[in-house]
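Pasted below: data37.txt, compact mmCIF, C-alpha atoms.
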# COMPACT_ATOMS: atom_id res chain seq x y z
CA MET U 246 -45.92 -40.25 -8.57
CA PHE U 247 -43.20 -40.57 -5.93
CA GLY U 248 -40.49 -40.38 -8.63
CA LYS U 249 -41.99 -37.20 -10.00
CA THR U 250 -42.04 -35.62 -6.52
CA VAL U 251 -38.36 -36.51 -6.02
CA SER U 252 -37.37 -35.01 -9.37
CA TYR U 253 -39.36 -31.82 -8.67
CA GLY U 254 -37.63 -31.65 -5.27
CA LEU U 255 -34.21 -31.97 -6.90
CA LEU U 256 -35.10 -29.32 -9.46
CA TRP U 257 -36.26 -27.01 -6.65
CA ASP U 258 -33.02 -27.60 -4.68
CA PHE U 259 -30.97 -26.86 -7.79
CA ALA U 260 -32.95 -23.67 -8.47
CA VAL U 261 -32.54 -22.51 -4.87
CA SER U 262 -28.79 -23.20 -4.85
CA GLU U 263 -28.42 -21.35 -8.16
CA ALA U 264 -30.39 -18.42 -6.76
CA VAL U 265 -28.17 -18.34 -3.66
CA SER U 266 -25.03 -18.45 -5.76
CA GLU U 267 -26.40 -15.65 -7.95
CA ASP U 268 -27.24 -13.70 -4.80
CA GLN U 269 -23.80 -14.11 -3.27
CA ARG U 270 -21.76 -13.44 -6.40
CA TRP U 271 -21.10 -9.99 -4.93
CA ILE U 272 -18.69 -11.64 -2.47
CA LEU U 273 -16.45 -12.65 -5.36
CA SER U 274 -16.70 -9.25 -7.00
CA THR U 275 -15.85 -7.60 -3.66
CA MET U 276 -12.84 -9.89 -3.42
CA HIS U 277 -11.82 -8.83 -6.91
CA LYS U 278 -12.37 -5.13 -6.26
CA HIS U 279 -10.88 -4.71 -2.77
CA GLY U 280 -8.69 -7.81 -2.40
CA GLN U 281 -5.41 -6.08 -3.20
CA GLU U 282 -6.01 -3.17 -0.81
CA LEU U 283 -7.06 -5.57 1.92
CA ILE U 284 -3.97 -7.73 1.46
CA THR U 285 -1.75 -4.63 1.70
CA LEU U 286 -3.45 -3.54 4.92
CA LEU U 287 -3.26 -7.01 6.48
CA TRP U 288 0.36 -7.48 5.43
CA ARG U 289 1.33 -4.18 7.00
CA ILE U 290 -0.50 -4.97 10.23
CA LEU U 291 0.63 -8.58 10.55
CA GLY U 292 3.85 -8.88 8.57
CA ASN U 293 3.40 -12.63 8.17
CA GLU U 294 2.06 -14.28 5.03
CA GLN U 295 0.19 -17.17 6.66
CA ASP U 296 -1.47 -14.82 9.15
CA VAL U 297 -2.47 -12.55 6.27
CA CYS U 298 -4.18 -15.44 4.45
CA ASP U 299 -5.99 -16.49 7.66
CA ALA U 300 -7.19 -12.96 8.42
CA TYR U 301 -8.33 -12.51 4.79
CA GLN U 302 -10.26 -15.78 4.95
CA ASP U 303 -11.88 -14.83 8.28
CA THR U 304 -12.90 -11.46 6.86
CA PHE U 305 -14.67 -12.92 3.85
CA LEU U 306 -16.28 -15.70 5.89
CA GLN U 307 -17.75 -13.07 8.21
CA LEU U 308 -18.91 -11.14 5.15
CA ALA U 309 -20.58 -14.26 3.69
CA HIS U 310 -22.44 -14.90 6.96
CA TYR U 311 -23.41 -11.28 7.60
CA GLU U 312 -27.09 -11.33 8.64
CA GLY U 313 -27.78 -14.66 6.94
CA GLY U 314 -25.94 -13.90 3.72
CA GLN U 315 -27.25 -10.38 3.22
CA LYS U 316 -25.09 -7.78 1.49
CA PRO U 317 -24.01 -5.01 3.89
CA LYS U 318 -25.02 -1.48 2.90
CA TYR U 319 -21.42 -0.32 2.57
CA VAL U 320 -19.32 -3.40 1.77
CA LYS U 321 -15.95 -1.66 1.70
CA ALA U 322 -16.46 -0.24 5.19
CA TYR U 323 -17.55 -3.61 6.49
CA ILE U 324 -14.59 -5.56 5.10
CA PHE U 325 -12.01 -2.97 6.14
CA ARG U 326 -13.32 -2.78 9.69
CA THR U 327 -13.62 -6.55 9.96
CA ALA U 328 -10.15 -7.13 8.54
CA ASN U 329 -8.74 -4.54 10.91
CA ASN U 330 -10.35 -6.17 13.93
CA VAL U 331 -9.37 -9.69 12.91
CA ALA U 332 -5.77 -8.64 12.28
CA ILE U 333 -5.48 -6.77 15.58
CA SER U 334 -6.84 -9.76 17.53
CA MET U 335 -4.31 -12.01 15.80
CA LEU U 336 -1.53 -9.55 16.54
CA ARG U 337 -2.48 -9.38 20.22
CA ARG U 338 -2.53 -13.16 20.46
CA ARG U 339 0.89 -13.30 18.82
CA VAL U 340 2.32 -10.68 21.16
CA ALA U 341 0.94 -12.56 24.18
CA ASP U 342 2.45 -15.83 22.95
CA ARG U 343 5.82 -14.21 22.32
CA ARG U 344 5.77 -12.59 25.73
CA LYS U 345 5.16 -15.96 27.36
CA ILE U 346 8.10 -17.48 25.50
CA SER U 347 10.43 -14.56 26.16
CA THR U 348 9.50 -14.53 29.88
CA ALA U 349 10.38 -18.15 30.05
CA VAL U 350 13.71 -17.59 28.28
CA ILE U 351 14.99 -14.35 29.82
CA ASN U 352 13.02 -14.39 33.04
CA GLY U 353 10.97 -11.26 32.37
CA LYS U 354 13.84 -8.88 31.52
CA HIS U 355 13.28 -6.48 28.64
CA VAL U 356 16.36 -6.42 26.46
CA THR U 357 17.12 -3.26 24.47
CA SER U 358 20.39 -2.24 22.91
CA PRO U 359 21.39 0.54 20.47
CA ALA U 360 21.97 -2.02 17.76
CA LYS U 361 18.47 -3.39 18.34
CA GLU U 362 17.01 0.11 18.27
CA LEU U 363 18.30 0.61 14.73
CA ASP U 364 17.08 -2.78 13.61
CA SER U 365 14.26 -2.20 11.13
CA LYS U 366 12.48 -5.42 12.05
CA TYR U 367 12.56 -4.56 15.72
CA LEU U 368 11.14 -1.10 14.95
CA GLN U 369 8.34 -2.61 12.87
CA GLU U 370 7.44 -5.14 15.54
CA SER U 371 7.40 -2.55 18.30
CA LEU U 372 5.19 -0.28 16.18
CA ARG U 373 2.77 -3.16 15.56
CA TYR U 374 2.79 -4.00 19.25
CA TYR U 375 1.96 -0.43 20.26
CA ILE U 376 -0.67 0.01 17.54
CA ALA U 377 -2.43 -3.06 18.97
CA GLN U 378 -2.44 -1.38 22.40
CA LEU U 379 -4.09 1.84 21.17
CA PRO U 380 -7.76 2.57 21.92
CA ALA U 381 -9.99 1.23 19.12
CA HIS U 382 -11.05 4.60 17.67
CA LEU U 383 -7.44 5.82 17.37
CA ARG U 384 -6.15 2.46 16.17
CA ASN U 385 -8.69 2.23 13.37
CA VAL U 386 -7.72 5.65 12.04
CA ILE U 387 -3.98 5.07 12.18
CA THR U 388 -4.19 1.68 10.46
CA LEU U 389 -6.48 2.95 7.72
CA ARG U 390 -4.50 6.15 7.17
CA ASP U 391 -0.89 5.03 7.57
CA LEU U 392 -1.06 1.34 6.69
CA ALA U 393 -3.91 1.18 4.16
CA GLU U 394 -3.08 4.69 2.86
CA LEU U 395 -6.71 5.72 2.50
CA SER U 396 -7.75 9.37 2.35
CA TYR U 397 -9.31 11.04 5.40
CA ALA U 398 -12.60 11.35 3.52
CA LYS U 399 -12.70 7.59 2.87
CA ILE U 400 -11.68 6.82 6.45
CA GLY U 401 -14.48 9.06 7.66
CA ARG U 402 -16.98 7.18 5.51
CA ILE U 403 -15.69 3.78 6.68
CA LEU U 404 -15.71 4.64 10.37
CA GLY U 405 -18.77 6.87 10.31
CA ILE U 406 -16.92 10.00 11.47
CA SER U 407 -15.99 13.27 9.76
CA ALA U 408 -12.68 13.71 7.94
CA ALA U 409 -11.65 16.38 10.46
CA THR U 410 -12.29 13.99 13.37
CA ALA U 411 -10.19 11.37 11.60
CA ARG U 412 -7.32 13.89 11.36
CA VAL U 413 -7.58 14.68 15.07
CA TYR U 414 -7.64 10.97 15.99
CA ARG U 415 -4.56 10.31 13.87
CA CYS U 416 -2.72 13.17 15.50
CA LYS U 417 -3.59 11.82 18.96
CA ALA U 418 -2.59 8.30 17.97
CA LEU U 419 0.79 9.54 16.74
CA GLN U 420 1.35 11.46 19.98
CA ILE U 421 0.60 8.37 22.07
CA LEU U 422 2.77 6.14 19.89
CA THR U 423 5.62 8.65 20.17
CA ILE U 424 5.39 8.66 23.96
CA TRP U 425 5.21 4.88 24.20
CA MET U 426 8.07 4.25 21.81
CA ASN U 427 10.15 6.83 23.63
CA LYS U 428 9.40 5.32 27.02
CA GLU U 429 10.57 1.98 25.78
CA GLU U 430 13.86 3.59 24.80
CA LYS U 431 14.34 4.92 28.31
CA LEU U 432 13.67 1.54 29.95
CA MET P 265 -25.96 27.11 -9.69
CA THR P 266 -24.89 29.85 -7.27
CA GLY P 267 -24.67 27.25 -4.51
CA ILE P 268 -22.29 25.14 -6.62
CA ASN P 269 -20.12 28.18 -7.38
CA THR P 270 -19.98 29.13 -3.69
CA ASN P 271 -19.07 25.53 -2.83
CA ASN P 272 -16.26 25.51 -5.39
CA LYS P 273 -15.00 28.84 -4.12
CA CYS P 274 -15.09 27.53 -0.55
CA LYS P 275 -13.18 24.43 -1.60
CA ARG P 276 -10.51 26.48 -3.39
CA ILE P 277 -10.13 28.81 -0.43
CA ARG P 278 -9.84 25.86 1.94
CA VAL P 279 -7.07 24.34 -0.21
CA TRP P 280 -5.19 27.67 -0.38
CA LEU P 281 -5.57 28.17 3.35
CA SER P 282 -4.31 24.71 4.23
CA GLU P 283 -1.36 25.17 1.84
CA ALA P 284 -0.52 28.54 3.33
CA ILE P 285 -0.85 27.24 6.86
CA SER P 286 1.28 24.18 6.20
CA ARG P 287 3.92 26.46 4.62
CA HIS P 288 4.03 28.54 7.81
CA ILE P 289 3.32 26.02 10.54
CA GLY P 290 4.17 22.69 8.86
CA PRO P 291 7.16 20.56 9.80
CA ASP P 292 9.25 22.09 7.00
CA ALA P 293 8.66 25.73 8.01
CA GLN P 294 11.87 27.72 8.29
CA TRP P 295 11.18 29.22 11.74
CA LEU P 296 10.29 25.78 13.12
CA GLN P 297 13.48 24.19 11.79
CA SER P 298 15.63 26.99 13.22
CA HIS P 299 13.87 26.67 16.58
CA ILE P 300 14.42 22.93 16.66
CA THR P 301 18.14 23.32 15.99
CA ASN P 302 18.43 25.55 19.10
CA CYS P 303 15.97 23.87 21.48
CA PRO P 304 17.10 20.55 23.03
CA ARG P 305 13.60 19.74 24.35
CA CYS P 306 12.02 20.13 20.92
CA GLN P 307 14.91 18.22 19.37
CA ARG P 308 14.08 15.26 21.61
CA ARG P 309 10.37 15.49 20.72
CA TYR P 310 11.12 15.79 17.02
CA LEU P 311 13.46 12.82 17.21
CA SER P 312 10.90 10.65 18.97
CA TYR P 313 8.26 11.59 16.40
CA GLY P 314 10.83 10.72 13.74
CA LYS P 315 11.17 7.26 15.25
CA VAL P 316 7.45 6.55 14.77
CA ASN P 317 7.65 7.89 11.23
CA LEU P 318 10.65 5.72 10.52
CA ALA P 319 8.83 2.66 11.85
CA ILE P 320 5.78 3.43 9.69
CA SER P 321 7.99 3.86 6.63
CA ALA P 322 9.77 0.58 7.40
CA VAL P 323 6.43 -1.24 7.66
CA LYS P 324 5.27 0.31 4.38
CA SER P 325 8.45 -0.47 2.49
CA GLN P 326 8.42 -4.16 3.42
CA PRO P 327 7.35 -6.04 0.26
CA HIS P 328 5.30 -9.23 0.30
CA LYS P 329 5.38 -12.15 -2.12
CA LEU P 330 3.79 -11.47 -5.50
CA ASP P 331 1.47 -14.44 -5.17
CA LEU P 332 0.14 -13.53 -1.71
CA LEU P 333 -3.17 -12.27 -3.11
CA MET P 334 -3.52 -15.46 -5.14
CA CYS P 335 -2.80 -17.68 -2.10
CA ALA P 336 -5.25 -15.74 0.07
CA ASN P 337 -7.94 -15.99 -2.59
CA VAL P 338 -7.40 -19.74 -3.02
CA GLN P 339 -7.61 -20.32 0.74
CA THR P 340 -10.73 -18.15 1.08
CA ILE P 341 -12.58 -19.53 -1.93
CA GLY P 342 -11.90 -23.04 -0.58
CA VAL P 343 -14.16 -22.40 2.41
CA LEU P 344 -16.98 -20.62 0.57
CA LYS P 345 -20.19 -22.31 -0.64
CA HIS P 346 -19.86 -24.96 -3.31
CA SER P 347 -21.85 -22.87 -5.78
CA LEU P 348 -19.48 -19.93 -5.31
CA ARG P 349 -16.41 -22.15 -5.60
CA ARG P 350 -17.63 -23.33 -9.00
CA ALA P 351 -18.32 -19.81 -10.29
CA LYS P 352 -16.31 -18.44 -13.22
CA GLU P 353 -15.09 -15.44 -11.21
CA ALA P 354 -13.67 -17.78 -8.56
CA GLY P 355 -11.39 -19.33 -11.19
CA LYS P 356 -10.11 -15.91 -12.19
CA LEU P 357 -9.52 -14.91 -8.56
CA LYS P 358 -7.44 -18.02 -7.97
CA THR P 359 -4.90 -16.89 -10.54
CA ILE P 360 -5.03 -13.14 -9.98
CA ARG P 361 -1.84 -11.14 -9.42
CA PRO P 362 -1.50 -7.64 -7.99
CA GLU P 363 -1.64 -4.96 -10.65
CA PRO P 364 -0.45 -1.36 -10.31
CA LYS P 365 -3.19 1.24 -10.04
CA PHE P 366 -4.28 3.16 -13.14
CA LEU P 367 -2.47 6.35 -12.09
CA GLU P 368 0.73 4.47 -11.15
CA LYS P 369 0.63 2.61 -14.46
CA TYR P 370 0.39 5.72 -16.61
CA SER P 371 2.31 8.18 -14.41
CA LYS P 372 5.32 8.05 -16.80
CA TYR P 373 3.14 9.46 -19.57
CA THR P 374 1.95 12.42 -17.47
CA SER P 375 4.37 14.99 -18.94
CA SER P 376 3.71 13.91 -22.54
CA ALA P 377 -0.02 14.02 -21.91
CA LEU P 378 0.31 17.52 -20.49
CA ASN P 379 2.29 18.66 -23.56
CA VAL P 380 -0.30 17.21 -25.90
CA ALA P 381 -3.07 18.89 -23.90
CA ALA P 382 -1.25 22.26 -24.12
CA CYS P 383 -0.86 21.90 -27.92
CA MET P 384 -4.52 20.95 -28.26
CA THR P 385 -5.54 24.00 -26.25
CA ILE P 386 -3.46 26.30 -28.47
CA LEU P 387 -4.95 24.71 -31.61
CA LEU P 388 -8.43 25.10 -30.18
CA LEU P 389 -7.80 28.75 -29.36
CA MET P 390 -6.54 29.33 -32.92
CA LYS P 391 -9.56 27.51 -34.31
CA ILE P 392 -12.11 29.54 -32.40
CA GLY P 393 -10.31 32.73 -33.43
CA VAL P 394 -9.03 33.94 -30.08
CA PHE P 395 -5.66 34.90 -31.59
CA SER P 396 -7.18 36.74 -34.57
CA SER P 397 -9.48 38.67 -32.21
CA MET P 398 -6.41 39.58 -30.15
CA ASN P 399 -4.69 40.89 -33.31
CA MET P 400 -7.78 42.86 -34.20
CA PHE P 401 -7.90 44.30 -30.70
CA GLN P 402 -4.22 45.31 -31.01
CA THR P 403 -4.68 47.09 -34.38
CA GLN P 404 -7.77 48.90 -33.11
CA GLY P 405 -5.80 50.09 -30.11
CA GLN P 406 -2.99 51.26 -32.36
CA LYS P 407 -5.43 53.22 -34.50
CA VAL P 408 -6.86 54.98 -31.45
CA ILE P 409 -3.38 55.99 -30.28
CA GLN P 410 -2.48 57.18 -33.81
CA LYS P 411 -5.61 59.33 -33.86
CA TYR P 412 -4.66 60.78 -30.48
CA TYR P 413 -1.17 61.67 -31.70
CA ALA P 414 -2.61 63.06 -34.96
CA ASN P 415 -4.79 65.44 -32.96
CA ARG P 416 -1.83 66.57 -30.84
CA ILE P 417 1.16 66.73 -33.20
CA GLY P 418 -0.42 66.67 -36.62
CA ASP P 419 -1.29 64.00 -39.19
CA ASP P 420 2.06 63.95 -41.01
CA LEU P 421 4.22 63.32 -37.93
CA ALA P 422 1.84 60.75 -36.46
CA GLU P 423 1.69 58.86 -39.76
CA GLU P 424 5.47 58.88 -39.95
CA ILE P 425 5.88 57.52 -36.39
CA PHE P 426 3.23 54.82 -36.72
CA SER P 427 4.24 53.70 -40.19
CA LYS P 428 7.81 53.17 -38.84
CA ASP P 429 6.45 51.28 -35.85
CA THR P 430 4.36 49.01 -38.00
CA LYS P 431 7.34 48.35 -40.25
CA VAL P 432 9.56 47.51 -37.25
CA THR P 433 6.86 45.28 -35.79
CA ARG P 434 6.36 43.54 -39.10
CA LEU P 435 10.10 43.06 -39.58
CA GLY P 436 10.45 41.88 -35.97
Exercise: express the given structure as structure tokens:
Amino acid sequence: MFGKTVSYGLLWDFAVSEAVSEDQRWILSTMHKHGQELITLLWRILGNEQDVCDAYQDTFLQLAHYEGGQKPKYVKAYIFRTANNVAISMLRRRVADRRKISTAVINGKHVTSPAKELDSKYLQESLRYYIAQLPAHLRNVITLRDLAELSYAKIGRILGISAATARVYRCKALQILTIWMNKEEKL
Amino acid sequence: MTGINTNNKCKRIRVWLSEAISRHIGPDAQWLQSHITNCPRCQRRYLSYGKVNLAISAVKSQPHKLDLLMCANVQTIGVLKHSLRRAKEAGKLKTIRPEPKFLEKYSKYTSSALNVAACMTILLLMKIGVFSSMNMFQTQGQKVIQKYYANRIGDDLAEEIFSKDTKVTRLG
């Protein structure tokens, strides 16, 4: 009797686990469908391969645990917004760490030279730094438009705004970035 | 049906408008370029905007390793549920490599495809008799004009003129 109960229990567990795996297969298909685009976005925001892998992993873990394993209504929007947020947090942490180190080394002095200005890597890093400082609504649009290269219509759908609003936000973001990057030059 | 037509019309007009506007007020507009060359303040602004653009282009042009997607998938699948890790799709994802998009893949064939499409259209037009109807339309028109001339200058002269014309056309 007891043996039968155990075997039924095992069978039940197996059936439940199979059902769960069947239910969550969409995570793998999402990975297959949007993985490449997501990697491109993360790479352009972070510029470091290990960080990209970590942010990608965090994104899909959050997706897997969304409301107890439920599938979000608009998966693409969810993963792009999550990836964006994860990457920006990582970038901010990195910038803070670097600042600590550089303060310790050069005693808080900001070093800029014409040669450095032309350095592509320096340009990229300063752009990433300033993008991380932008207000969230502007930052989301500029990363999705200029780094993920999505259309305004898609960005609108992801962020829940109209395409025209997305255009306006991008324009504002570019203006702010221009001012900040110019100020840095004057320092 | 009318709603769809109006929508399409609206869409077309919007596209034309934005094209026209960008031609006149876009960054490549002639008047804007000539103003920038003479205005130091705008030059500075344009340059600073160029710096952001340059940085964005630099970020975009930086390539990553080909196996980055594969590595990210392996790392992510490693922390998912056991049942998902064992799934068939997971195995495929662990060895996946980035592939160019459909349009990028076949962009080199665009011109050939357009040529083929043009030939097909001509064949289709010939098949449905558009060209023969055009010929018929032309001969009917010619007959009307011949009749007009016949009324004015007489049958003999009109016949002479139009028979020559037809001969020349045929020879041509």
Once you add 6 Å to each side, what are the centre and edge lengths of the axis-aligned box holding all listed atoms of range 276-279 of chain P? One decimal in Å, as lines of an AutoDock Vina configuration file, if you can.
center_x = -8.8
center_y = 26.6
center_z = -0.7
size_x = 15.4
size_y = 16.5
size_z = 17.3
*Have a look at P:Cys383, P:Ile300, P:Met400, P:Leu318 and name the one nearest to chain U; count only C-alpha atoms.*
P:Leu318
*Name the closest residue to chain U among the candidates P:Met334, P:Ala293, P:Cys274, P:Leu421; distances are taken between atoms, counting all atoms listed in the file.*
P:Met334
*Mind listing as a PyMOL selection string which residues of chain P are within 12 Å of chain U, counting all atoms listed in the file?*
chain P and resi 308-365
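Comparing U:Trp271, U:Tyr374, U:Tyr397, U:Tyr414 by their smallest distance to Leu336 in chain U, the closest is U:Tyr374 (using all atoms listed in the file).
Take CA of Arg384 in chain U and CA of Arg326 in chain U: the distance between them is 11.0 Å.
You will find CA of Leu308 in chain U at 12.4 Å from CA of Val331 in chain U.
Shell of Lys321 in chain U at 10 Å, with only C-alpha atoms counted and residues fewer than 2 places along the chain excluded, is U:Thr275, U:Lys278, U:His279, U:Leu283, U:Pro317, U:Lys318, U:Tyr319, U:Tyr323, U:Ile324, U:Phe325, U:Arg326, U:Thr327, U:Lys399, U:Arg402, U:Ile403.
The space separating CA of Ala408 in chain U from CA of Ser396 in chain U comes to 8.6 Å.
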